[in-house]
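As provided, entry08.cif (mmCIF, C-alpha atoms and all ligand atoms) reads as follows.
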data_run
#
loop_
_atom_site.label_atom_id
_atom_site.label_comp_id
_atom_site.auth_asym_id
_atom_site.auth_seq_id
_atom_site.Cartn_x
_atom_site.Cartn_y
_atom_site.Cartn_z
CA MET A 46 -1.20 -37.39 43.92
CA ASP A 47 2.36 -36.08 43.75
CA ARG A 48 2.86 -38.01 40.52
CA THR A 49 -0.29 -36.40 38.99
CA VAL A 50 0.87 -32.88 39.90
CA ALA A 51 4.31 -33.60 38.48
CA ARG A 52 2.80 -34.91 35.22
CA LEU A 53 0.52 -31.88 34.93
CA ARG A 54 3.47 -29.58 35.49
CA THR A 55 5.45 -31.35 32.78
CA VAL A 56 2.57 -31.05 30.30
CA LEU A 57 2.09 -27.36 31.05
CA LEU A 58 5.77 -26.55 30.71
CA SER A 59 5.90 -28.42 27.40
CA GLN A 60 3.17 -26.05 26.12
CA VAL A 61 4.94 -22.83 27.04
CA PRO A 62 7.03 -22.20 23.94
CA ARG A 63 4.10 -22.95 21.65
CA LEU A 64 1.72 -20.75 23.60
CA SER A 65 4.26 -17.97 23.91
CA SER A 66 4.84 -17.87 20.19
CA THR A 67 1.19 -16.97 19.68
CA ALA A 68 1.08 -14.09 22.13
CA VAL A 69 0.25 -10.75 20.60
CA GLY A 70 -0.01 -7.06 20.99
CA ARG A 71 2.87 -6.32 23.30
CA PRO A 72 5.71 -3.91 22.77
CA CYS A 73 8.98 -5.33 21.56
CA ARG A 74 11.36 -6.67 24.15
CA MET A 75 14.25 -6.42 21.71
CA SER A 76 16.28 -3.27 21.88
CA THR A 77 14.96 -0.57 19.55
CA ALA A 78 18.14 -0.75 17.52
CA ALA A 79 17.81 -4.49 17.05
CA ALA A 80 14.17 -4.13 16.04
CA GLN A 81 15.07 -1.49 13.48
CA VAL A 82 17.79 -3.59 11.96
CA SER A 83 15.69 -6.73 11.72
CA HIS A 84 12.40 -5.01 10.75
CA GLU A 85 10.74 -7.93 12.47
CA PRO A 86 7.48 -7.35 14.24
CA SER A 87 7.69 -7.08 17.96
CA VAL A 88 7.30 -10.49 19.56
CA PRO A 89 7.27 -11.25 23.22
CA SER A 90 9.83 -13.31 25.02
CA SER A 91 9.10 -17.01 25.23
CA SER A 92 9.85 -17.00 28.95
CA PRO A 93 6.86 -18.30 30.94
CA ALA A 94 7.18 -15.26 33.20
CA HIS A 95 6.45 -12.99 30.24
CA PHE A 96 3.49 -14.89 28.91
CA ASP A 97 0.27 -12.97 29.21
CA HIS A 98 -2.85 -15.05 28.54
CA ARG A 99 -5.23 -12.12 28.95
CA ARG A 100 -3.51 -10.01 26.29
CA GLU A 101 -3.37 -12.96 23.91
CA ARG A 102 -7.10 -13.43 24.37
CA ASP A 103 -7.71 -9.71 23.82
CA GLY A 104 -5.65 -9.79 20.63
CA HIS A 105 -7.53 -12.80 19.28
CA GLN A 106 -10.85 -11.16 20.14
CA ILE A 107 -9.89 -7.94 18.36
CA LEU A 108 -8.91 -9.96 15.29
CA ARG A 109 -12.10 -12.05 15.44
CA ASP A 110 -14.28 -8.92 15.72
CA ALA A 111 -12.43 -7.26 12.85
CA VAL A 112 -12.81 -10.28 10.59
CA ALA A 113 -16.55 -10.54 11.39
CA ALA A 114 -17.19 -6.88 10.47
CA GLN A 115 -19.98 -6.17 7.98
CA ALA A 116 -19.10 -2.50 7.46
CA PRO A 117 -15.86 -0.53 7.29
CA ARG A 118 -14.66 1.05 10.49
CA HIS A 119 -12.96 4.42 10.61
CA ASP A 120 -12.32 4.54 14.34
CA TRP A 121 -9.44 2.07 14.67
CA THR A 122 -7.12 2.71 17.57
CA ARG A 123 -3.36 2.20 17.51
CA GLU A 124 -3.78 -0.53 20.14
CA GLU A 125 -6.28 -2.46 18.02
CA ILE A 126 -4.11 -2.17 14.91
CA SER A 127 -1.07 -3.32 16.92
CA ALA A 128 -3.01 -6.33 18.23
CA ILE A 129 -3.89 -7.33 14.65
CA TYR A 130 -0.47 -6.52 13.16
CA TYR A 131 1.41 -8.58 15.76
CA GLN A 132 -0.69 -11.72 15.37
CA PRO A 133 1.27 -14.82 14.40
CA LEU A 134 1.86 -14.25 10.69
CA MET A 135 0.21 -17.41 9.37
CA GLU A 136 -2.91 -16.74 11.45
CA LEU A 137 -2.97 -13.10 10.31
CA ALA A 138 -2.62 -14.08 6.64
CA TYR A 139 -5.29 -16.79 7.01
CA GLN A 140 -7.81 -14.41 8.60
CA ALA A 141 -7.05 -11.73 6.01
CA ALA A 142 -7.64 -14.32 3.27
CA ASN A 143 -11.02 -15.21 4.80
CA LEU A 144 -12.09 -11.58 4.96
CA HIS A 145 -10.79 -10.94 1.44
CA ARG A 146 -13.11 -13.64 0.12
CA ARG A 147 -16.13 -11.95 1.67
CA PHE A 148 -15.50 -8.63 -0.07
CA HIS A 149 -13.71 -9.52 -3.29
CA LYS A 150 -13.52 -12.26 -5.88
CA PRO A 151 -10.25 -13.82 -4.70
CA SER A 152 -8.99 -14.75 -8.15
CA GLU A 153 -9.32 -11.19 -9.50
CA VAL A 154 -6.29 -8.93 -9.61
CA GLN A 155 -6.36 -5.47 -11.12
CA LEU A 156 -3.70 -4.68 -13.74
CA CYS A 157 -2.53 -1.09 -13.70
CA THR A 158 0.12 0.52 -15.87
CA LEU A 159 1.99 3.59 -14.69
CA MET A 160 3.56 6.04 -17.12
CA ASN A 161 5.91 8.85 -16.24
CA ILE A 162 4.47 11.78 -18.19
CA LYS A 163 7.03 14.25 -16.84
CA THR A 164 10.35 12.88 -15.63
CA GLY A 165 12.67 14.53 -13.11
CA GLY A 166 13.28 18.13 -12.08
CA CYS A 167 11.07 17.95 -8.98
CA SER A 168 11.70 20.57 -6.28
CA GLU A 169 10.76 18.21 -3.43
CA ASP A 170 13.39 16.34 -1.41
CA CYS A 171 11.85 12.85 -0.92
CA SER A 172 14.89 10.83 0.20
CA TYR A 173 13.99 7.78 -1.87
CA CYS A 174 13.28 9.50 -5.18
CA ALA A 175 15.52 9.78 -8.21
CA GLN A 176 13.40 12.57 -9.67
CA SER A 177 14.26 15.18 -7.05
CA THR A 178 16.60 17.92 -8.29
CA ARG A 179 18.35 17.64 -4.90
CA HIS A 180 19.58 14.17 -5.83
CA GLN A 181 20.18 14.80 -9.50
CA LYS A 182 23.95 15.05 -9.11
CA GLY A 183 24.11 11.59 -7.59
CA THR A 184 21.58 9.88 -9.81
CA GLY A 185 22.39 11.62 -13.09
CA LEU A 186 18.71 11.55 -14.02
CA GLU A 187 17.91 14.24 -16.55
CA ALA A 188 14.70 16.21 -16.35
CA LYS A 189 12.43 15.94 -19.38
CA LYS A 190 9.50 17.94 -20.72
CA VAL A 191 5.90 16.83 -20.30
CA GLU A 192 4.92 14.10 -22.76
CA SER A 193 2.46 15.01 -25.50
CA VAL A 194 -1.18 13.96 -25.23
CA GLU A 195 -0.74 11.78 -28.32
CA SER A 196 2.25 9.84 -26.97
CA VAL A 197 0.50 9.24 -23.64
CA LEU A 198 -2.62 7.94 -25.34
CA ALA A 199 -0.53 5.73 -27.61
CA ALA A 200 1.05 4.19 -24.50
CA ALA A 201 -2.37 3.79 -22.87
CA ARG A 202 -3.63 1.97 -25.96
CA VAL A 203 -0.70 -0.46 -25.78
CA ALA A 204 -1.40 -1.04 -22.08
CA ARG A 205 -5.08 -1.68 -22.75
CA ASP A 206 -4.32 -4.09 -25.58
CA LYS A 207 -1.93 -5.97 -23.28
CA GLY A 208 -4.65 -6.31 -20.63
CA SER A 209 -4.28 -3.36 -18.24
CA THR A 210 -7.54 -1.77 -17.15
CA ARG A 211 -6.19 1.20 -15.18
CA PHE A 212 -3.72 3.69 -16.62
CA CYS A 213 -1.91 5.95 -14.19
CA MET A 214 0.02 9.06 -15.28
CA GLY A 215 2.68 10.47 -12.97
CA ALA A 216 4.38 13.87 -13.14
CA ALA A 217 7.34 14.86 -10.96
CA TRP A 218 5.89 18.06 -9.57
CA ARG A 219 5.53 19.51 -6.11
CA ASP A 220 2.07 20.87 -6.96
CA MET A 221 -0.07 22.20 -9.79
CA ARG A 222 0.19 25.89 -8.97
CA GLY A 223 0.64 28.00 -12.12
CA ARG A 224 0.36 24.94 -14.41
CA LYS A 225 -2.83 25.90 -16.25
CA ASN A 226 -1.64 24.69 -19.61
CA ALA A 227 -0.32 21.45 -18.19
CA LEU A 228 -3.63 20.84 -16.42
CA LYS A 229 -5.47 21.37 -19.72
CA ASN A 230 -3.29 18.72 -21.40
CA ILE A 231 -3.65 16.32 -18.48
CA LYS A 232 -7.41 16.67 -18.67
CA ALA A 233 -7.20 15.72 -22.35
CA MET A 234 -5.09 12.68 -21.38
CA VAL A 235 -7.62 11.67 -18.72
CA ALA A 236 -10.54 12.01 -21.13
CA GLY A 237 -8.62 10.06 -23.80
CA VAL A 238 -7.85 7.21 -21.40
CA ARG A 239 -11.51 7.02 -20.43
CA GLU A 240 -12.48 6.87 -24.10
CA LEU A 241 -10.28 3.78 -24.36
CA GLY A 242 -12.53 2.16 -21.75
CA MET A 243 -9.86 2.31 -19.05
CA GLU A 244 -9.88 3.69 -15.53
CA SER A 245 -7.71 6.80 -15.35
CA CYS A 246 -5.44 7.82 -12.51
CA VAL A 247 -2.96 10.68 -12.09
CA THR A 248 -0.33 11.58 -9.54
CA LEU A 249 0.71 15.23 -9.85
CA GLY A 250 1.73 16.28 -6.35
CA MET A 251 -0.43 18.59 -4.28
CA ILE A 252 -3.66 19.92 -5.79
CA ASP A 253 -6.28 22.35 -4.54
CA ALA A 254 -10.06 21.98 -4.47
CA GLU A 255 -10.57 23.69 -7.83
CA GLN A 256 -7.97 21.55 -9.61
CA ALA A 257 -9.56 18.43 -8.14
CA LYS A 258 -12.96 19.49 -9.51
CA GLU A 259 -11.45 20.11 -12.95
CA LEU A 260 -9.86 16.66 -12.98
CA LYS A 261 -13.15 15.12 -11.91
CA SER A 262 -14.97 16.88 -14.74
CA ALA A 263 -12.47 15.37 -17.20
CA GLY A 264 -13.47 11.91 -15.97
CA LEU A 265 -10.62 11.09 -13.58
CA THR A 266 -11.21 7.80 -11.73
CA ALA A 267 -8.52 8.02 -9.03
CA TYR A 268 -5.84 10.37 -7.74
CA ASN A 269 -2.68 8.92 -6.21
CA HIS A 270 -0.97 10.78 -3.37
CA ASN A 271 0.88 8.53 -0.94
CA VAL A 272 1.34 9.42 2.72
CA ASP A 273 4.46 7.21 2.52
CA THR A 274 4.90 6.28 6.19
CA SER A 275 3.82 7.16 9.74
CA ARG A 276 3.31 10.76 10.79
CA GLU A 277 6.18 10.35 13.28
CA PHE A 278 8.75 8.98 10.81
CA TYR A 279 7.71 11.17 7.86
CA PRO A 280 10.00 14.15 8.71
CA SER A 281 13.03 11.83 8.46
CA ILE A 282 12.15 11.19 4.81
CA ILE A 283 10.76 14.47 3.44
CA SER A 284 11.27 18.02 4.66
CA THR A 285 9.77 20.13 1.88
CA ARG A 286 6.10 19.41 2.57
CA THR A 287 4.26 18.27 5.63
CA TYR A 288 2.18 15.23 6.40
CA ASP A 289 -0.83 17.49 6.87
CA GLU A 290 -0.33 19.03 3.43
CA ARG A 291 -0.59 15.52 2.01
CA LEU A 292 -3.79 14.88 3.94
CA THR A 293 -5.22 18.19 2.72
CA THR A 294 -4.70 17.11 -0.89
CA LEU A 295 -6.41 13.80 -0.14
CA GLY A 296 -9.34 15.81 1.29
CA HIS A 297 -9.66 17.84 -1.93
CA VAL A 298 -9.61 14.64 -3.99
CA ARG A 299 -12.25 12.97 -1.81
CA ASP A 300 -14.48 16.08 -1.75
CA ALA A 301 -14.39 16.26 -5.55
CA GLY A 302 -15.73 12.69 -5.74
CA ILE A 303 -12.49 11.19 -7.10
CA ASN A 304 -11.30 7.88 -5.66
CA VAL A 305 -8.35 8.29 -3.32
CA CYS A 306 -5.29 6.12 -3.94
CA SER A 307 -2.87 6.50 -1.05
CA GLY A 308 -0.33 4.12 0.38
CA GLY A 309 3.16 3.79 1.71
CA ILE A 310 6.71 2.69 1.15
CA LEU A 311 8.31 0.00 3.29
CA GLY A 312 12.05 -0.28 3.79
CA LEU A 313 12.74 3.41 4.38
CA GLY A 314 14.30 2.58 7.75
CA GLU A 315 10.99 2.67 9.59
CA THR A 316 10.09 0.38 12.48
CA SER A 317 7.07 -1.89 12.84
CA GLU A 318 5.47 0.89 14.88
CA ASP A 319 5.79 3.20 11.88
CA ARG A 320 4.09 0.66 9.65
CA ILE A 321 1.29 0.54 12.22
CA GLY A 322 1.25 4.36 12.16
CA LEU A 323 0.88 4.33 8.37
CA LEU A 324 -2.03 1.88 8.64
CA LEU A 325 -3.59 4.02 11.37
CA THR A 326 -3.49 7.10 9.12
CA VAL A 327 -5.16 5.53 6.11
CA SER A 328 -7.68 3.37 7.98
CA THR A 329 -9.01 6.34 9.98
CA LEU A 330 -9.54 8.69 7.03
CA PRO A 331 -13.18 9.82 6.63
CA SER A 332 -13.50 7.10 3.99
CA HIS A 333 -10.94 4.42 3.30
CA PRO A 334 -8.78 4.90 0.23
CA GLU A 335 -10.23 3.09 -2.77
CA SER A 336 -6.68 1.90 -3.38
CA PHE A 337 -3.77 1.31 -0.98
CA PRO A 338 -0.42 0.78 -2.75
CA VAL A 339 2.24 -1.05 -0.74
CA ASN A 340 5.69 -0.25 -2.11
CA ALA A 341 8.95 -1.94 -1.14
CA LEU A 342 11.73 0.61 -1.46
CA VAL A 343 13.84 0.15 -4.56
CA PRO A 344 17.06 1.83 -3.42
CA ILE A 345 18.42 4.11 -6.12
CA LYS A 346 22.11 4.93 -6.08
CA GLY A 347 22.71 8.62 -5.55
CA THR A 348 19.65 9.15 -3.36
CA PRO A 349 20.00 9.39 0.44
CA LEU A 350 18.37 5.95 0.78
CA GLY A 351 20.39 4.40 -2.03
CA ASP A 352 22.11 1.91 0.28
CA ARG A 353 19.15 0.76 2.35
CA PRO A 354 18.86 -3.02 2.76
CA PRO A 355 15.68 -4.56 1.36
CA VAL A 356 12.64 -4.71 3.62
CA GLU A 357 11.91 -8.19 4.95
CA PHE A 358 9.16 -9.96 3.04
CA THR A 359 7.36 -10.86 6.27
CA SER A 360 6.93 -7.13 7.00
CA MET A 361 5.44 -6.65 3.55
CA LEU A 362 3.04 -9.57 4.01
CA ARG A 363 2.11 -8.48 7.51
CA THR A 364 1.33 -4.95 6.29
CA ILE A 365 -0.81 -6.24 3.40
CA ALA A 366 -2.75 -8.66 5.61
CA THR A 367 -3.37 -6.02 8.30
CA ALA A 368 -4.47 -3.51 5.66
CA ARG A 369 -6.92 -6.06 4.26
CA ILE A 370 -8.45 -6.57 7.70
CA LEU A 371 -8.65 -2.84 8.50
CA MET A 372 -9.96 -1.80 5.08
CA PRO A 373 -11.89 -4.79 3.72
CA SER A 374 -13.22 -3.13 0.58
CA THR A 375 -10.05 -1.32 -0.50
CA ILE A 376 -7.97 -2.46 -3.48
CA ILE A 377 -4.54 -3.35 -2.09
CA ARG A 378 -1.83 -2.88 -4.66
CA ILE A 379 1.61 -4.50 -4.69
CA ALA A 380 3.53 -1.59 -6.15
CA ALA A 381 7.27 -0.84 -6.41
CA GLY A 382 9.66 -3.63 -5.53
CA ARG A 383 7.52 -6.47 -6.91
CA LYS A 384 10.26 -7.17 -9.45
CA THR A 385 12.43 -8.56 -6.65
CA MET A 386 9.69 -10.83 -5.24
CA SER A 387 9.44 -14.47 -6.28
CA GLU A 388 6.16 -15.71 -7.70
CA GLU A 389 5.56 -17.65 -4.48
CA LYS A 390 5.93 -14.49 -2.40
CA GLN A 391 3.53 -12.65 -4.67
CA ALA A 392 1.06 -15.54 -4.38
CA LEU A 393 1.18 -15.28 -0.59
CA CYS A 394 0.39 -11.56 -0.89
CA PHE A 395 -2.58 -12.30 -3.19
CA MET A 396 -3.75 -14.94 -0.72
CA ALA A 397 -3.56 -12.43 2.15
CA GLY A 398 -5.61 -9.79 0.36
CA ALA A 399 -3.54 -7.98 -2.28
CA ASN A 400 -5.61 -7.61 -5.43
CA ALA A 401 -3.81 -5.21 -7.74
CA ILE A 402 -0.40 -4.88 -9.36
CA PHE A 403 1.48 -2.49 -11.57
CA THR A 404 2.47 -4.15 -14.80
CA GLY A 405 4.16 -2.89 -17.94
CA GLU A 406 7.53 -1.68 -19.08
CA LYS A 407 8.51 0.63 -16.23
CA MET A 408 7.31 2.04 -12.92
CA LEU A 409 8.37 5.68 -13.11
CA THR A 410 12.16 5.27 -12.94
CA THR A 411 12.41 1.63 -11.80
CA GLU A 412 11.95 -1.77 -13.44
CA CYS A 413 8.54 -3.41 -13.57
CA ASN A 414 7.29 -6.93 -14.26
CA GLY A 415 5.96 -7.05 -17.82
CA TRP A 416 2.53 -8.09 -19.11
CA ASP A 417 3.69 -11.41 -20.57
CA GLU A 418 5.43 -12.40 -17.35
CA ASP A 419 2.35 -11.51 -15.31
CA SER A 420 0.02 -13.26 -17.70
CA ALA A 421 2.05 -16.48 -17.33
CA MET A 422 2.00 -16.11 -13.55
CA PHE A 423 -1.78 -15.60 -13.57
CA GLY A 424 -2.14 -18.80 -15.61
CA ARG A 425 -0.04 -20.82 -13.18
CA TRP A 426 -1.88 -19.59 -10.07
CA GLY A 427 -5.44 -19.42 -11.39
CA LEU A 428 -5.66 -15.64 -11.23
CA GLU A 429 -7.59 -13.46 -13.66
CA PRO A 430 -7.46 -9.76 -14.52
CA MET A 431 -10.10 -7.60 -12.85
CA GLY A 432 -12.36 -5.86 -15.37
CA SER A 433 -12.52 -2.07 -15.65
CA PHE A 434 -14.72 -0.29 -13.13
CA ARG A 435 -15.27 -3.44 -11.08
CA LYS A 436 -14.99 -1.39 -7.93
CA SER A 437 -17.61 1.21 -7.18
CA PRO A 438 -16.68 4.31 -5.19
CA MET A 439 -16.61 3.67 -1.47
CA PRO A 440 -19.67 4.74 0.46
CA GLU A 441 -18.91 7.56 2.87
CA ASN A 442 -19.60 5.52 5.96
CA GLY A 443 -20.89 2.03 6.51
CA ASP A 444 -23.30 0.35 4.10
CA MET A 445 -20.56 -1.76 2.61
CA ARG A 446 -21.70 -4.11 -0.06
CA VAL A 447 -20.42 -7.59 0.47
CA ALA A 448 -19.38 -9.46 -2.63
CA SER A 449 -21.22 -12.72 -3.14
CA PHE A 450 -18.68 -15.05 -4.64
S1 LIG B 1 8.37 11.37 -4.91
FE1 LIG B 1 7.22 12.81 -6.17
S2 LIG B 1 7.22 14.69 -4.97
FE2 LIG B 1 8.86 13.43 -4.10
S3 LIG B 1 10.72 14.07 -5.22
FE3 LIG B 1 9.85 12.34 -6.32
S4 LIG B 1 8.57 13.24 -7.91
FE4 LIG B 1 8.96 14.83 -6.38
#
When written as structure tokens, how does the structure in this file appear?
Amino acid sequence: MDRTVARLRTVLLSQVPRLSSTAVGRPCRMSTAAAQVSHEPSVPSSSPAHFDHRRERDGHQILRDAVAAQAPRHDWTREEISAIYYQPLMELAYQAANLHRRFHKPSEVQLCTLMNIKTGGCSEDCSYCAQSTRHQKGTGLEAKKVESVESVLAAARVARDKGSTRFCMGAAWRDMRGRKNALKNIKAMVAGVRELGMESCVTLGMIDAEQAKELKSAGLTAYNHNVDTSREFYPSIISTRTYDERLTTLGHVRDAGINVCSGGILGLGETSEDRIGLLLTVSTLPSHPESFPVNALVPIKGTPLGDRPPVEFTSMLRTIATARILMPSTIIRIAAGRKTMSEEKQALCFMAGANAIFTGEKMLTTECNGWDEDSAMFGRWGLEPMGSFRKSPMPENGDMRVASF
């Protein structure tokens, strides 16, 4: 009898490290400073005393329920998102991949080209951005005038001929107040892009309800306005406009019937909790964004964040996989920073639910992977470009159509 108990004890103890490594959903036991430096998700101690079977079971159940969902949910809690986010990464990526296959054709990746139609001279103070006048001294970036309609459409034509199906036009403005003439030209650009058979997207800063309606009438497909990070961390990055102002603009876009494109930037110095906060914001909007760009900060010398170390790839993957599970029908876009990711890392992101990229010559002021490079990568990994208008606008609530691939 004693020998049996001793053997059982030995077997149980031998399981502890393995079991502990799968525990989920608990706050980090590392010091906050250490967690911020490493950017690693919070993981519990492997000490048997800290192992909590009930919480592990709860975390797995939350993940299982999320993956089985037939309709989008807009009532996620921070605790549920934490439980999903802190799952063992391979399990999280695997479950996200499963869900991705139920809502999307897994080989399809949308190709989007972003053009800066008005460079620099922005009055905002976003700490990561080279286009802010506040950082101009350090970056040396010169402000330029708005591009002509003709030159924008010429660039859109090149992008279309190279295989892009969405063309996004970005202007470094705080908002569109008093820019009547500019709005008229942008509407002409939007209409011209649509005539090329492409989806059109703009990012122009804050807009009001009327401006959103005008853009919709010109045929705009999507409006990009990132929330960037969590509500709590946001004031450390931007002081010239509030988080709520950003959400108000998203409301105007949504009410006008334009698809919302809104995402975040990783590597700003945020913690895992801030990444969870970002996911909480977007996944509890009245309807999920049609597109969720995940940017890895490209530090630009002369900006306040010019010396930030790169975000860990595991944080990027974890954010993409969690976003896929929370917002199953959304297009998840690998945005800035892709240039520094190996093909294998990108493939893992596609596996875990990313299904859009920016491709072309430049991404605003930073380098971008080009069409030929991406085409070769698609060939090697069996990926294919998503056709134009493959995604229909999201239903307001529920009634999600499940792809049958
Ligand atoms: S991110 Fe946009 S709003 Fe912020 S400074 Fe740059 S151009 Fe201006």
Please build the interface table for chain A against ligand LIG 1 (chain B) with a cut-off of 8 Å, listing for each qualifying residue the nearest atom pair and the distance in Å to one decimal; count all atoms listed in the file, order rows by chain and increasing number, and write it as CSV.
residue,atom,partner,partner_atom,distance
A:Thr164,CA,B:LIG1,S4,7.9
A:Gly165,CA,B:LIG1,S4,6.7
A:Gly166,CA,B:LIG1,FE4,7.9
A:Cys167,CA,B:LIG1,FE4,4.6
A:Ser168,CA,B:LIG1,FE4,6.4
A:Glu169,CA,B:LIG1,S3,4.5
A:Asp170,CA,B:LIG1,S3,5.2
A:Cys171,CA,B:LIG1,FE2,4.4
A:Ser172,CA,B:LIG1,S3,7.6
A:Tyr173,CA,B:LIG1,S1,7.3
A:Cys174,CA,B:LIG1,FE3,4.6
A:Ala175,CA,B:LIG1,FE3,6.5
A:Gln176,CA,B:LIG1,FE3,4.9
A:Ser177,CA,B:LIG1,S3,4.1
A:Thr178,CA,B:LIG1,S3,7.7
A:Ala216,CA,B:LIG1,S4,6.7
A:Ala217,CA,B:LIG1,S4,3.7
A:Trp218,CA,B:LIG1,FE4,5.5
A:Arg219,CA,B:LIG1,S2,5.2
A:Leu249,CA,B:LIG1,FE1,7.9
A:Gly250,CA,B:LIG1,S2,5.9
A:Ile283,CA,B:LIG1,FE2,7.8
Take the residues from that selection and write them out as a PDB file, keeping the file's coordinate frame, keeping C-alpha atoms.
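New file out10.pdb:
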ATOM      1  CA  THR A 164      10.350  12.880 -15.630  1.00  0.00           C
ATOM      2  CA  GLY A 165      12.670  14.530 -13.110  1.00  0.00           C
ATOM      3  CA  GLY A 166      13.280  18.130 -12.080  1.00  0.00           C
ATOM      4  CA  CYS A 167      11.070  17.950  -8.980  1.00  0.00           C
ATOM      5  CA  SER A 168      11.700  20.570  -6.280  1.00  0.00           C
ATOM      6  CA  GLU A 169      10.760  18.210  -3.430  1.00  0.00           C
ATOM      7  CA  ASP A 170      13.390  16.340  -1.410  1.00  0.00           C
ATOM      8  CA  CYS A 171      11.850  12.850  -0.920  1.00  0.00           C
ATOM      9  CA  SER A 172      14.890  10.830   0.200  1.00  0.00           C
ATOM     10  CA  TYR A 173      13.990   7.780  -1.870  1.00  0.00           C
ATOM     11  CA  CYS A 174      13.280   9.500  -5.180  1.00  0.00           C
ATOM     12  CA  ALA A 175      15.520   9.780  -8.210  1.00  0.00           C
ATOM     13  CA  GLN A 176      13.400  12.570  -9.670  1.00  0.00           C
ATOM     14  CA  SER A 177      14.260  15.180  -7.050  1.00  0.00           C
ATOM     15  CA  THR A 178      16.600  17.920  -8.290  1.00  0.00           C
ATOM     16  CA  ALA A 216       4.380  13.870 -13.140  1.00  0.00           C
ATOM     17  CA  ALA A 217       7.340  14.860 -10.960  1.00  0.00           C
ATOM     18  CA  TRP A 218       5.890  18.060  -9.570  1.00  0.00           C
ATOM     19  CA  ARG A 219       5.530  19.510  -6.110  1.00  0.00           C
ATOM     20  CA  LEU A 249       0.710  15.230  -9.850  1.00  0.00           C
ATOM     21  CA  GLY A 250       1.730  16.280  -6.350  1.00  0.00           C
ATOM     22  CA  ILE A 283      10.760  14.470   3.440  1.00  0.00           C
TER      23      ILE A 283
END
* To do: Mind checking which residues fall within 7 Å of His119 in chain A, counting all atoms listed in the file, ignoring those fewer than 5 positions away in the same chain, and posting them as a ChimeraX atom specification?
  => /A:328-331
Starting from 6 Å padding per side, set up an axis-aligned box that covers all listed atoms of range 288-302 of chain A and hand over centre and edge lengths in Å, one decimal, as AutoDock Vina command-line options.
--center_x -6.8 --center_y 15.9 --center_z 0.6 --size_x 29.9 --size_y 18.3 --size_z 24.6
* Structure fact -> Expressed in Å, the length from CA of Thr266 in chain A to CA of Ile303 in chain A is 5.9 Å
* **Expected residue set, 8 Å radius at (6.2, 3.8, -1.0), only C-alpha atoms, as an MDAnalysis selection string** => chainID A and resid 271 273:274 308:311 338:342 380:381
Can you spit out the residues from that selection as a PDB file, in the coordinates of the input, using C-alpha atoms?
ATOM      1  CA  ASN A 271       0.880   8.530  -0.940  1.00  0.00           C
ATOM      2  CA  ASP A 273       4.460   7.210   2.520  1.00  0.00           C
ATOM      3  CA  THR A 274       4.900   6.280   6.190  1.00  0.00           C
ATOM      4  CA  GLY A 308      -0.330   4.120   0.380  1.00  0.00           C
ATOM      5  CA  GLY A 309       3.160   3.790   1.710  1.00  0.00           C
ATOM      6  CA  ILE A 310       6.710   2.690   1.150  1.00  0.00           C
ATOM      7  CA  LEU A 311       8.310   0.000   3.290  1.00  0.00           C
ATOM      8  CA  PRO A 338      -0.420   0.780  -2.750  1.00  0.00           C
ATOM      9  CA  VAL A 339       2.240  -1.050  -0.740  1.00  0.00           C
ATOM     10  CA  ASN A 340       5.690  -0.250  -2.110  1.00  0.00           C
ATOM     11  CA  ALA A 341       8.950  -1.940  -1.140  1.00  0.00           C
ATOM     12  CA  LEU A 342      11.730   0.610  -1.460  1.00  0.00           C
ATOM     13  CA  ALA A 380       3.530  -1.590  -6.150  1.00  0.00           C
ATOM     14  CA  ALA A 381       7.270  -0.840  -6.410  1.00  0.00           C
TER      15      ALA A 381
END
* Find the distance between CA of Leu108 in chain A and CA of Ile129 in chain A and write it in Å to one decimal. =>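 The value is 5.7 Å.
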* Measure the distance from CA of His180 in chain A to CA of Leu292 in chain A in Å and round it to one decimal. =>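 Taking CA of His180 in chain A as the start and CA of Leu292 in chain A as the end point, the length is 25.3 Å.
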* Structure fact -> Counting only C-alpha atoms, the residue among A:His297, A:Arg118, A:Arg353, A:Arg276 that lies closest to Gly314 in chain A is A:Arg353
* Asked: So, counting all atoms listed in the file, which residue among A:Trp121, A:Phe423, A:Phe358, A:Tyr279 is closest to Leu134 in chain A?
  -> A:Phe358
Contact residues around Phe278 in chain A with only C-alpha atoms at 8 Å, ignoring same-chain residues under 4 positions, as an mmCIF file with C-alpha atoms, keeping the file's coordinate frame:
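And here is the file that came out, selection36.cif:
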data_model
loop_
_atom_site.group_PDB
_atom_site.id
_atom_site.type_symbol
_atom_site.label_atom_id
_atom_site.label_comp_id
_atom_site.auth_asym_id
_atom_site.auth_seq_id
_atom_site.Cartn_x
_atom_site.Cartn_y
_atom_site.Cartn_z
ATOM 1 C CA THR A 274 4.900 6.280 6.190
ATOM 2 C CA ILE A 282 12.150 11.190 4.810
ATOM 3 C CA GLU A 315 10.990 2.670 9.590
ATOM 4 C CA ASP A 319 5.790 3.200 11.880
#
* Pick out the closest residue to Arg239 in chain A from this set: A:Ser433, A:Ser336, A:Ser127, A:Arg286. Count only C-alpha atoms. => A:Ser433
* **Nearest to Ser317 in chain A, chosen from A:Trp426, A:Met361, A:Ala233, A:Gly104, with all atoms listed in the file counted in the distances** =>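 Ranking A:Trp426, A:Met361, A:Ala233, A:Gly104 by distance to Ser317 in chain A, first place goes to A:Met361.
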* Give the answer as one residue: which of A:Ala301, A:Ala188, A:Val112, A:Ala421 has the shortest atom-to-atom distance to Ala142 in chain A, using all atoms listed in the file? =>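 For Ala142 in chain A, the nearest of the given residues is A:Val112.
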* Taking into account all atoms listed in the file, which residue in the set A:Leu156, A:Ala114, A:Leu265, A:Met396 is nearest to Lys232 in chain A? -> A:Leu265
